[in-house]
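Here is the file work-v5.txt (compact mmCIF, C-alpha atoms and all ligand atoms).
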# COMPACT_ATOMS: atom_id res chain seq x y z
CA MET T 1 -3.69 49.64 -2.42
CA ALA T 2 -0.90 51.65 -0.80
CA ASN T 3 1.66 49.00 -1.80
CA LEU T 4 0.27 48.91 -5.31
CA SER T 5 0.78 52.64 -5.89
CA LYS T 6 4.25 52.44 -4.37
CA THR T 7 5.07 49.76 -6.95
CA PHE T 8 3.84 51.96 -9.77
CA GLY T 9 5.90 54.76 -8.28
CA LEU T 10 9.05 52.68 -8.56
CA PHE T 11 8.44 51.61 -12.13
CA GLY T 12 7.19 54.97 -13.35
CA PRO T 13 10.57 56.74 -13.28
CA LEU T 14 12.36 53.68 -14.79
CA TYR T 15 10.01 53.63 -17.78
CA LEU T 16 10.27 57.41 -18.24
CA THR T 17 14.06 57.26 -18.10
CA THR T 18 14.25 54.65 -20.88
CA SER T 19 11.79 56.48 -23.11
CA LYS T 20 13.45 59.87 -22.57
CA HIS T 21 16.50 58.85 -24.58
CA PRO T 22 15.20 56.63 -27.42
CA GLN T 23 18.05 57.65 -29.74
CA SER T 24 20.66 56.03 -27.49
CA VAL T 25 18.86 52.70 -27.33
CA THR T 26 18.71 50.25 -30.23
CA ASP T 27 15.50 48.38 -31.14
CA LYS T 28 17.03 45.14 -29.86
CA GLN T 29 17.99 46.75 -26.55
CA ARG T 30 14.54 48.31 -26.29
CA GLY T 31 12.99 44.88 -26.79
CA LYS T 32 15.13 43.44 -24.00
CA LEU T 33 14.21 46.30 -21.70
CA THR T 34 10.49 45.82 -22.39
CA THR T 35 10.79 42.09 -21.66
CA LEU T 36 12.67 42.84 -18.44
CA LEU T 37 10.03 45.36 -17.45
CA LEU T 38 7.17 42.93 -18.13
CA VAL T 39 8.87 40.12 -16.19
CA SER T 40 9.55 42.47 -13.27
CA LEU T 41 5.94 43.68 -13.25
CA THR T 42 4.62 40.11 -13.38
CA ILE T 43 6.79 39.10 -10.42
CA CYS T 44 5.68 42.15 -8.43
CA PHE T 45 1.98 41.73 -9.11
CA SER T 46 2.03 38.02 -8.33
CA ALA T 47 3.66 38.80 -4.97
CA LEU T 48 1.24 41.62 -4.10
CA PRO T 49 -2.25 40.35 -3.24
CA ALA T 50 -1.54 38.86 0.20
CA GLN T 51 -0.02 42.14 1.40
CA ALA T 52 -2.35 44.57 -0.27
CA LYS T 53 -5.51 43.65 1.66
CA TYR T 54 -6.86 46.11 4.22
CA GLY T 55 -3.97 47.72 6.15
CA GLY T 56 -1.77 44.61 6.06
CA GLY T 57 -1.75 41.22 7.74
CA SER T 58 -2.76 37.84 6.39
CA GLY T 59 -5.96 37.21 8.35
CA THR T 60 -4.59 34.53 10.67
CA ALA T 61 -4.71 34.55 14.47
CA ASN T 62 -1.03 35.50 14.67
CA ASP T 63 -1.14 37.95 11.80
CA PRO T 64 -4.63 39.44 11.67
CA TYR T 65 -5.77 41.76 8.92
CA ARG T 66 -5.12 45.26 10.19
CA ILE T 67 -7.73 47.99 9.98
CA TYR T 68 -6.66 51.64 10.07
CA ARG T 69 -9.31 53.46 8.05
CA ALA T 70 -13.05 53.61 7.39
CA GLU T 71 -12.57 52.37 3.80
CA GLU T 72 -10.81 49.25 5.11
CA MET T 73 -13.61 48.67 7.61
CA ASN T 74 -16.17 48.97 4.83
CA ALA T 75 -14.16 46.58 2.62
CA ILE T 76 -14.71 43.63 4.97
CA GLY T 77 -18.39 43.38 4.08
CA ALA T 78 -17.51 43.32 0.38
CA ASN T 79 -15.22 40.28 0.82
CA PRO T 80 -17.29 37.25 1.94
CA GLY T 81 -14.17 35.07 1.71
CA ASP T 82 -12.74 36.96 4.68
CA TRP T 83 -15.69 36.57 7.04
CA ASN T 84 -13.97 33.66 8.81
CA LYS T 85 -10.66 35.50 9.18
CA HIS T 86 -9.00 37.43 12.00
CA PHE T 87 -9.08 41.23 12.12
CA MET T 88 -7.64 43.86 14.42
CA LEU T 89 -8.25 47.58 14.70
CA ILE T 90 -4.98 49.50 14.90
CA GLU T 91 -6.33 53.00 15.28
CA ASP T 92 -9.57 54.76 16.11
CA VAL T 93 -11.67 54.81 12.95
CA ASN T 94 -14.07 57.60 12.06
CA MET T 95 -16.75 56.42 9.61
CA SER T 96 -18.53 59.74 9.14
CA ASP T 97 -17.54 59.86 5.45
CA ILE T 98 -19.42 56.65 4.65
CA ALA T 99 -23.10 57.37 4.02
CA GLY T 100 -25.71 55.31 5.86
CA THR T 101 -26.77 53.58 2.65
CA ASP T 102 -23.19 52.83 1.49
CA TYR T 103 -22.04 50.60 4.32
CA ASN T 104 -21.45 46.93 3.47
CA VAL T 105 -22.91 44.94 6.37
CA ILE T 106 -20.52 42.13 7.37
CA GLU T 107 -22.73 39.04 7.03
CA THR T 108 -22.38 35.67 8.77
CA PHE T 109 -19.08 36.53 10.42
CA THR T 110 -17.39 33.52 12.03
CA GLY T 111 -13.92 35.01 12.45
CA THR T 112 -12.44 37.18 15.17
CA PHE T 113 -12.56 40.96 15.32
CA ASP T 114 -10.36 42.49 18.02
CA GLY T 115 -11.06 46.18 18.52
CA ASN T 116 -7.75 46.45 20.39
CA ASP T 117 -9.44 48.97 22.75
CA CYS T 118 -9.90 51.35 19.83
CA THR T 119 -13.14 52.98 18.75
CA ILE T 120 -15.27 53.16 15.62
CA SER T 121 -17.07 56.49 15.65
CA ASN T 122 -19.99 57.90 13.68
CA PHE T 123 -21.00 54.62 12.06
CA THR T 124 -24.36 55.21 10.40
CA LEU T 125 -26.59 52.68 8.69
CA THR T 126 -29.91 53.25 7.00
CA SER T 127 -31.33 49.94 5.84
CA THR T 128 -34.40 48.28 4.39
CA ARG T 129 -32.96 44.82 5.11
CA GLN T 130 -35.47 42.29 6.44
CA GLU T 131 -33.19 40.92 9.14
CA ASN T 132 -29.79 40.93 10.84
CA THR T 133 -28.69 44.53 10.58
CA GLY T 134 -25.73 46.21 12.32
CA LEU T 135 -22.01 46.80 11.86
CA PHE T 136 -22.06 43.00 11.69
CA GLY T 137 -25.17 41.18 10.42
CA THR T 138 -24.83 37.73 11.98
CA VAL T 139 -21.90 36.73 14.17
CA GLY T 140 -20.93 33.18 15.09
CA GLY T 141 -17.35 34.19 15.88
CA GLU T 142 -15.82 36.55 18.39
CA ILE T 143 -15.79 40.32 18.75
CA LYS T 144 -13.90 41.96 21.60
CA ASN T 145 -12.40 45.17 23.00
CA LEU T 146 -14.35 47.48 20.73
CA GLY T 147 -16.02 50.79 21.40
CA LEU T 148 -18.67 52.28 19.12
CA LEU T 149 -19.09 56.03 19.53
CA ASN T 150 -22.34 57.60 18.36
CA PRO T 151 -23.53 54.78 16.08
CA ASP T 152 -26.79 55.65 14.36
CA ILE T 153 -28.88 52.77 13.00
CA PHE T 154 -32.19 53.26 11.26
CA ALA T 155 -33.46 49.91 10.02
CA GLN T 156 -36.60 48.00 9.20
CA GLY T 157 -37.16 44.32 9.84
CA ARG T 158 -35.96 42.15 12.72
CA ASN T 159 -32.68 41.63 14.58
CA VAL T 160 -31.18 45.09 14.67
CA GLY T 161 -28.28 46.32 16.83
CA SER T 162 -25.52 48.90 16.48
CA LEU T 163 -22.81 46.23 16.70
CA ILE T 164 -24.62 43.02 15.72
CA GLY T 165 -28.06 42.16 14.36
CA TYR T 166 -27.96 38.52 15.43
CA LEU T 167 -25.27 37.12 17.73
CA ASN T 168 -25.69 33.50 16.68
CA HIS T 169 -23.80 31.40 19.25
CA GLY T 170 -20.77 33.66 19.00
CA SER T 171 -19.35 35.84 21.75
CA ILE T 172 -18.65 39.48 22.42
CA THR T 173 -16.53 40.75 25.29
CA ASN T 174 -15.64 44.26 26.39
CA CYS T 175 -17.70 45.98 23.70
CA CYS T 176 -19.59 49.21 24.33
CA ALA T 177 -21.85 51.39 22.21
CA LYS T 178 -21.90 54.93 23.55
CA GLY T 179 -24.37 57.53 22.40
CA ALA T 180 -26.09 54.91 20.23
CA VAL T 181 -29.28 55.78 18.39
CA VAL T 182 -30.91 52.54 17.23
CA SER T 183 -34.33 51.89 15.75
CA GLY T 184 -35.84 48.93 13.92
CA GLY T 185 -38.91 46.72 13.65
CA SER T 186 -38.50 43.98 16.24
CA TYR T 187 -35.71 42.27 18.20
CA VAL T 188 -33.82 45.53 18.52
CA GLY T 189 -31.09 46.37 21.03
CA GLY T 190 -28.63 49.20 21.62
CA LEU T 191 -25.76 46.76 21.01
CA VAL T 192 -27.26 43.47 19.76
CA GLY T 193 -30.69 42.63 18.32
CA LEU T 194 -31.06 38.89 19.00
CA ASN T 195 -28.59 36.99 21.20
CA THR T 196 -28.06 33.24 21.36
CA GLY T 197 -24.39 33.66 22.31
CA ASN T 198 -22.39 35.13 25.16
CA ILE T 199 -22.23 38.83 25.96
CA THR T 200 -19.75 39.69 28.71
CA LYS T 201 -18.58 43.05 30.07
CA CYS T 202 -20.48 45.08 27.51
CA GLY T 203 -22.52 48.24 27.76
CA SER T 204 -24.62 50.78 25.94
CA THR T 205 -25.78 54.36 26.30
CA GLY T 206 -28.07 56.38 24.06
CA SER T 207 -31.59 55.55 22.91
CA VAL T 208 -33.36 52.59 21.36
CA TRP T 209 -36.84 52.31 19.96
CA ALA T 210 -38.80 49.67 18.03
CA ASP T 211 -42.16 47.95 18.03
CA ALA T 212 -41.41 44.74 19.95
CA TYR T 213 -38.59 42.93 21.79
CA VAL T 214 -36.66 46.08 22.52
CA GLY T 215 -33.80 46.41 25.01
CA GLY T 216 -31.21 49.01 25.93
CA LEU T 217 -28.49 46.41 25.29
CA VAL T 218 -30.21 43.40 23.67
CA GLY T 219 -33.63 42.98 22.06
CA GLN T 220 -34.14 39.31 22.92
CA ILE T 221 -32.06 36.53 24.44
CA GLY T 222 -32.57 32.97 23.17
CA ASP T 223 -30.21 30.28 24.45
CA GLY T 224 -27.65 32.95 25.29
CA LYS T 225 -26.21 34.86 28.20
CA VAL T 226 -25.63 38.46 29.18
CA THR T 227 -23.32 38.92 32.15
CA MET T 228 -21.47 41.78 33.86
CA SER T 229 -23.07 44.24 31.45
CA TYR T 230 -25.10 47.42 31.66
CA SER T 231 -27.23 49.88 29.77
CA THR T 232 -28.18 53.45 30.53
CA ALA T 233 -29.97 53.84 27.18
CA SER T 234 -33.52 55.12 27.15
CA VAL T 235 -35.79 52.51 25.59
CA SER T 236 -39.20 52.82 24.05
CA GLY T 237 -41.47 50.38 22.23
CA ASN T 238 -44.78 48.63 22.28
CA ARG T 239 -44.43 45.06 23.59
CA ASN T 240 -41.56 43.41 25.51
CA VAL T 241 -39.58 46.50 26.36
CA GLY T 242 -36.73 46.42 28.90
CA GLY T 243 -33.98 48.74 30.10
CA LEU T 244 -31.41 46.01 29.39
CA VAL T 245 -33.25 43.21 27.54
CA GLY T 246 -36.68 43.12 25.90
CA LYS T 247 -37.39 39.44 26.52
CA THR T 248 -35.60 36.27 27.64
CA GLY T 249 -37.20 33.45 25.71
CA ASN T 250 -35.24 30.23 26.28
CA GLU T 251 -34.63 27.83 29.18
CA ALA T 252 -30.92 28.62 28.81
CA SER T 253 -31.38 32.41 28.76
CA GLU T 254 -29.36 34.15 31.47
CA VAL T 255 -29.03 37.71 32.71
CA THR T 256 -26.54 37.91 35.58
CA HIS T 257 -24.54 40.69 37.30
CA CYS T 258 -26.15 43.37 35.16
CA TYR T 259 -27.85 46.71 35.62
CA ALA T 260 -29.98 49.14 33.66
CA ALA T 261 -30.55 52.79 34.42
CA GLY T 262 -32.36 54.18 31.38
CA THR T 263 -35.94 55.37 31.08
CA VAL T 264 -38.24 52.62 29.76
CA THR T 265 -41.52 53.35 28.01
CA GLY T 266 -43.90 50.81 26.44
CA SER T 267 -47.38 49.40 26.58
CA THR T 268 -47.24 45.67 27.45
CA TYR T 269 -44.50 43.64 29.18
CA VAL T 270 -42.42 46.60 30.26
CA GLY T 271 -39.63 46.39 32.85
CA GLY T 272 -36.72 48.49 34.13
CA LEU T 273 -34.34 45.58 33.45
CA VAL T 274 -36.25 42.99 31.39
CA GLY T 275 -39.65 43.41 29.73
CA GLN T 276 -40.61 39.75 29.98
CA VAL T 277 -38.79 36.81 31.55
CA GLU T 278 -40.56 34.11 29.59
CA ARG T 279 -37.93 31.45 30.31
CA GLY T 280 -34.48 31.24 31.86
CA ASN T 281 -32.75 32.96 34.76
CA THR T 282 -32.31 36.57 35.72
CA TYR T 283 -30.35 37.09 38.91
CA LYS T 284 -27.99 39.39 40.84
CA SER T 285 -29.04 42.39 38.77
CA TYR T 286 -30.78 45.71 39.36
CA SER T 287 -32.48 48.60 37.65
CA THR T 288 -33.15 52.22 38.51
CA GLY T 289 -34.73 53.83 35.44
CA SER T 290 -38.17 55.37 35.26
CA VAL T 291 -40.64 52.77 33.92
CA SER T 292 -44.02 53.38 32.34
CA GLY T 293 -46.48 51.10 30.55
CA SER T 294 -50.15 50.23 30.43
CA GLN T 295 -50.18 46.56 31.45
CA TYR T 296 -47.74 43.97 32.77
CA THR T 297 -45.37 46.71 33.77
CA GLY T 298 -42.89 46.42 36.64
CA GLY T 299 -39.94 48.17 38.25
CA LEU T 300 -37.48 45.37 37.39
CA VAL T 301 -39.46 42.93 35.24
CA GLY T 302 -42.79 43.43 33.49
CA TYR T 303 -43.93 39.83 33.33
CA THR T 304 -42.51 36.45 34.36
CA ARG T 305 -43.90 33.16 33.09
CA VAL T 306 -43.78 29.74 34.79
CA LEU T 307 -40.46 28.77 33.21
CA GLY T 308 -38.83 32.10 34.02
CA ARG T 309 -36.97 32.78 37.28
CA VAL T 310 -35.92 36.09 38.79
CA ALA T 311 -33.84 36.04 41.97
CA GLN T 312 -31.38 38.05 44.10
CA SER T 313 -32.29 41.19 42.18
CA PHE T 314 -33.52 44.69 43.05
CA TRP T 315 -35.08 47.82 41.70
CA ASP T 316 -35.39 51.39 42.95
CA THR T 317 -39.05 51.98 43.80
CA GLN T 318 -38.58 55.75 43.87
CA THR T 319 -36.69 56.49 40.66
CA SER T 320 -38.63 53.83 38.71
CA GLY T 321 -42.00 55.15 39.79
CA GLN T 322 -43.04 51.49 40.20
CA THR T 323 -43.89 49.85 43.50
CA THR T 324 -44.41 46.40 41.97
CA SER T 325 -42.49 44.05 39.69
CA ALA T 326 -42.88 40.52 38.35
CA GLY T 327 -39.69 39.54 40.19
CA GLY T 328 -37.01 41.15 42.31
CA THR T 329 -37.20 43.18 45.50
CA GLY T 330 -38.10 46.86 45.60
CA LYS T 331 -35.87 49.18 47.64
CA THR T 332 -35.67 52.91 48.28
CA THR T 333 -32.91 54.98 46.66
CA VAL T 334 -31.06 55.17 49.98
CA GLN T 335 -31.21 51.38 50.35
CA MET T 336 -30.10 50.84 46.75
CA GLN T 337 -26.90 52.75 47.52
CA LEU T 338 -25.89 50.61 50.49
CA ARG T 339 -23.71 47.53 50.23
CA ASN T 340 -25.77 45.77 52.89
CA THR T 341 -28.80 45.70 50.62
CA PHE T 342 -26.96 43.40 48.22
CA ILE T 343 -24.70 41.39 50.52
CA PRO T 344 -27.54 39.17 51.86
CA ALA T 345 -28.33 38.27 48.23
CA ALA T 346 -24.73 37.02 47.85
CA TRP T 347 -23.54 39.79 45.55
CA ASP T 348 -19.76 39.79 45.02
CA PHE T 349 -18.17 43.12 45.95
CA TRP T 350 -14.66 41.64 45.75
CA ASN T 351 -14.45 40.64 42.12
CA THR T 352 -17.56 41.86 40.33
CA TRP T 353 -19.18 44.94 41.88
CA GLU T 354 -18.01 48.10 43.61
CA ILE T 355 -20.10 50.73 45.34
CA CYS T 356 -19.62 54.28 46.50
CA GLU T 357 -22.01 54.07 49.41
CA GLU T 358 -24.63 56.77 49.93
CA MET T 359 -23.52 58.43 46.70
CA ASN T 360 -24.21 55.96 43.93
CA TYR T 361 -25.61 52.57 42.98
CA PRO T 362 -23.28 49.59 42.50
CA VAL T 363 -21.10 49.67 39.39
CA LEU T 364 -19.22 46.87 37.67
CA GLN T 365 -15.53 46.81 38.53
CA TRP T 366 -14.44 46.58 34.91
CA GLN T 367 -16.10 49.94 34.24
CA ILE T 368 -14.06 51.86 36.79
CA PRO T 369 -11.18 53.95 35.35
CA VAL T 370 -7.79 53.46 37.02
CA ALA T 371 -7.82 57.05 38.29
CA ASP T 372 -11.11 56.60 40.15
CA PHE T 373 -9.27 55.97 43.42
CA ARG T 374 -11.96 56.94 45.89
CA CYS T 375 -15.59 56.03 45.53
CA PRO T 376 -16.39 54.68 42.04
CA ASP T 377 -18.89 57.38 41.27
CA GLY T 378 -16.59 58.84 38.65
CA VAL T 379 -13.24 60.63 38.57
CA ASN T 380 -13.68 63.97 40.33
CA PHE T 381 -12.16 66.37 42.87
CA ILE T 382 -12.24 63.72 45.59
CA ASP T 383 -9.95 61.56 43.47
CA PHE T 384 -7.79 64.55 42.55
CA ALA T 385 -7.28 65.46 46.21
CA PHE T 386 -6.21 61.86 46.83
CA PHE T 387 -3.83 62.00 43.87
CA ALA T 388 -2.41 65.41 44.84
CA ALA T 389 -1.60 64.15 48.32
CA HIS T 390 0.60 61.47 46.72
CA LEU T 391 2.30 63.71 44.14
CA ASN T 392 6.11 63.41 44.09
CA GLN T 393 6.07 60.24 46.19
CA ARG T 394 8.87 57.83 45.39
CA HIS T 395 9.59 54.13 45.82
CA CYS T 396 6.18 53.11 44.50
CA ASN T 397 6.07 49.33 44.07
CA PRO T 398 3.75 46.35 44.38
CA SER T 399 4.21 46.17 48.16
CA ASN T 400 2.64 49.62 48.62
CA ASN T 401 0.24 49.05 45.70
CA TYR T 402 2.22 51.58 43.64
CA CYS T 403 1.68 54.38 46.15
CA ASP T 404 -1.97 53.50 46.70
CA GLY T 405 -2.56 53.31 42.97
CA THR T 406 -1.47 56.87 42.19
CA ASP T 407 1.69 55.74 40.35
CA LEU T 408 -0.57 55.01 37.41
CA ASN T 409 2.17 54.02 34.95
CA HIS T 410 4.05 51.97 37.57
CA SER T 411 7.24 53.98 36.98
CA GLY T 412 8.20 54.05 40.65
CA LEU T 413 7.25 57.65 41.32
CA VAL T 414 4.15 59.83 41.13
CA ASP T 415 4.80 62.63 38.68
CA SER T 416 3.43 64.65 35.77
CA LEU T 417 3.10 61.54 33.57
CA ASP T 418 0.69 60.06 36.08
CA LEU T 419 -1.11 63.39 36.22
CA ALA T 420 -1.64 63.21 32.44
CA ILE T 421 -3.17 59.73 32.76
CA PHE T 422 -5.30 60.95 35.63
CA ALA T 423 -6.54 63.94 33.63
CA ASP T 424 -7.45 61.69 30.71
CA ASP T 425 -9.57 59.46 32.94
CA TRP T 426 -11.14 62.48 34.56
CA LEU T 427 -12.22 63.78 31.16
CA GLN T 428 -13.66 60.43 30.11
CA GLY T 429 -15.71 59.93 33.26
CA VAL T 430 -16.91 56.62 34.62
CA ARG T 431 -19.78 56.01 32.23
CA ASN T 432 -19.89 58.56 29.49
CA CA C 501 -14.24 58.78 42.44
CA CA C 502 4.56 57.17 37.65
Output the file's structure in the form of structure tokens.
Amino acid sequence: MANLSKTFGLFGPLYLTTSKHPQSVTDKQRGKLTTLLLVSLTICFSALPAQAKYGGGSGTANDPYRIYRAEEMNAIGANPGDWNKHFMLIEDVNMSDIAGTDYNVIETFTGTFDGNDCTISNFTLTSTRQENTGLFGTVGGEIKNLGLLNPDIFAQGRNVGSLIGYLNHGSITNCCAKGAVVSGGSYVGGLVGLNTGNITKCGSTGSVWADAYVGGLVGQIGDGKVTMSYSTASVSGNRNVGGLVGKTGNEASEVTHCYAAGTVTGSTYVGGLVGQVERGNTYKSYSTGSVSGSQYTGGLVGYTRVLGRVAQSFWDTQTSGQTTSAGGTGKTTVQMQLRNTFIPAAWDFWNTWEICEEMNYPVLQWQIPVADFRCPDGVNFIDFAFFAAHLNQRHCNPSNNYCDGTDLNHSGLVDSLDLAIFADDWLQGVRN
């Protein structure tokens, strides 16, 4: 639309100029001018549509549609013909001006949406839809590098998540919902309602509640995977309630290299990590949140059926308030904060996990900000002292790991620009 108004802007003055001096123009000349004007307008309008969509781009992989504003974000759902196209966020988008009932859910999306490490904040959705409710309804494509800040979803029906209602054999990578408030009927998760695709390096914080199949990150996993992901969201529901996932229901379901730390409250099939492992594998994961339920309730997993397997996983018996679990090994808080608890279970502290021993539980390496030099428990005074000791150092290069990592912008020296980056990470914290 911006290009359209610019075009009108160009032609406006031309038309005014010709009509200002009618006495100096003959009827024949006026006729020629009008024809010229019409031809020019026709050429302009016929050339416009491809450029006028969203904030530019043509929707291909090399030239994705660009999204700058909330109105452009909300336009995607109104254009079904674009649901198989490529999109990229260019700036952080604040959607607070779009009312919860005015958002156009993007249905059956099979394209690619690259958040470009930008955020969509204050997305609210109030819906009476029967199924597949979220920023995206159903996704068979790819969504990556996107942060949702304070999404607020109040929906009925099944398959409800802040980002996606139903991830249908698509994939999402590096997507987090922070401060999410999500509620729905069943198959409800802080990020995704029902998952039959791949979720990698994703996370959620906030609160989630629903009747059944409720998880801090995902409501239920079918033939899908969740790996290297976390949730600290508090979760409450009735049946199949888990800190990370409500239920895993398929032979191919997988939960690996994950953790959950939120409070979990339910009645039946309630677990700190997964409410019920009906089928599939859950391994190399842990949970620490307080868990309460009336039956089939466990520290890590509430209930595991014959076709479900839980291995190489742990829960904190003290913080969970649960001494038993339908899978996993219970450990004290002190033990849960020692590398040697996890090493015998073949956990990878080189490429996947990191731990600040005796101070915190393991965290996923991808979560750790660059300025968290010492102990990945967050950026704090310990890291600042380390940074300050390197200030003004020169000759930072790959051979000295850029002055032990403190030359954050790899400029060769540690100076005020690195301090600015450090301060930014400090403010953001490790898992806010
Ligand atoms: Ca630290
Ligand atoms: Ca530098």
Leaving out region 419-426 of chain T and any residue of its chain fewer than 6 positions from it, which residues lie within 7 Å of it when counting only C-alpha atoms, given as a PyMOL selection string? chain T and resi 369+371+379-380
Neighbours of ligand CA 502 (chain C) within 8 Å, counting only C-alpha atoms and all ligand atoms, as a ChimeraX atom specification? /T:406-418
What residues have any atom no more than 6 Å from ligand CA 501 (chain C) when counting all atoms listed in the file, and can you list them as a PDB file with C-alpha atoms, keeping the file's coordinate frame?
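Written out: selection07.pdb:
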ATOM      1  CA  ASP T 372     -11.110  56.600  40.150  1.00  0.00           C
ATOM      2  CA  PHE T 373      -9.270  55.970  43.420  1.00  0.00           C
ATOM      3  CA  ARG T 374     -11.960  56.940  45.890  1.00  0.00           C
ATOM      4  CA  CYS T 375     -15.590  56.030  45.530  1.00  0.00           C
ATOM      5  CA  PRO T 376     -16.390  54.680  42.040  1.00  0.00           C
ATOM      6  CA  ASP T 377     -18.890  57.380  41.270  1.00  0.00           C
ATOM      7  CA  GLY T 378     -16.590  58.840  38.650  1.00  0.00           C
ATOM      8  CA  VAL T 379     -13.240  60.630  38.570  1.00  0.00           C
ATOM      9  CA  ASN T 380     -13.680  63.970  40.330  1.00  0.00           C
ATOM     10  CA  ASP T 383      -9.950  61.560  43.470  1.00  0.00           C
TER      11      ASP T 383
END
Do you have the CA of Gly224 (chain T)-CA of Leu194 (chain T) distance handy?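 Pair CA of Gly224 (chain T) / CA of Leu194 (chain T) returns 9.3 Å.
Closest approach to Ile67 (chain T) among T:Ile106, T:Leu135, T:Cys118, T:Val306 is made by T:Cys118 (distances from all atoms listed in the file).
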Contact table region 273-372 of chain T vs region 243-246 of chain T, cut-off 12 Å, shortest pair per residue, only C-alpha atoms, as a tab-separated table:
residue	atom	partner	partner_atom	distance
T:Leu273	CA	T:Gly243	CA	4.6
T:Val274	CA	T:Val245	CA	4.9
T:Gly275	CA	T:Gly246	CA	4.9
T:Gln276	CA	T:Gly246	CA	6.6
T:Val277	CA	T:Gly246	CA	8.7
T:Glu278	CA	T:Gly246	CA	10.5
T:Thr282	CA	T:Val245	CA	10.6
T:Ser285	CA	T:Leu244	CA	10.3
T:Tyr286	CA	T:Leu244	CA	10.0
T:Ser287	CA	T:Gly243	CA	7.7
T:Thr288	CA	T:Gly243	CA	9.1
T:Gly289	CA	T:Gly243	CA	7.4
T:Ser290	CA	T:Gly243	CA	9.4
T:Val291	CA	T:Gly243	CA	8.7
T:Ser292	CA	T:Gly243	CA	11.3
T:Gly298	CA	T:Gly243	CA	11.3
T:Gly299	CA	T:Gly243	CA	10.1
T:Leu300	CA	T:Gly243	CA	8.8
T:Val301	CA	T:Gly243	CA	9.5
T:Gly302	CA	T:Gly246	CA	9.7
T:Tyr303	CA	T:Gly246	CA	10.9
T:Trp315	CA	T:Gly243	CA	11.7
T:Ser320	CA	T:Gly243	CA	11.0
Test item: residues at most 6 Å from Ser234 (chain T), all atoms listed in the file, excluding those fewer than 4 positions along its chain, as a list in words: Ser207, Gly262, Thr263 and Val264 of chain T
Set the distance at 10 Å and use all atoms listed in the file: which residues neighbour Gly206 (chain T) once local chain neighbours fewer than 2 positions away are removed? I'd like the list as a PyMOL selection string. chain T and resi 150-152+177-182+190+204+208+216+231-235+262
Work out how far apart CA of Asn250 (chain T) and CA of Val218 (chain T) are and give it in Å to one decimal.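 About the pair CA of Asn250 (chain T) and CA of Val218 (chain T): they are 14.3 Å apart.
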Ranking T:Trp366, T:Thr112, T:Thr119, T:Glu71 by minimum distance to Ile98 (chain T) and counting only C-alpha atoms, which one comes first? T:Glu71
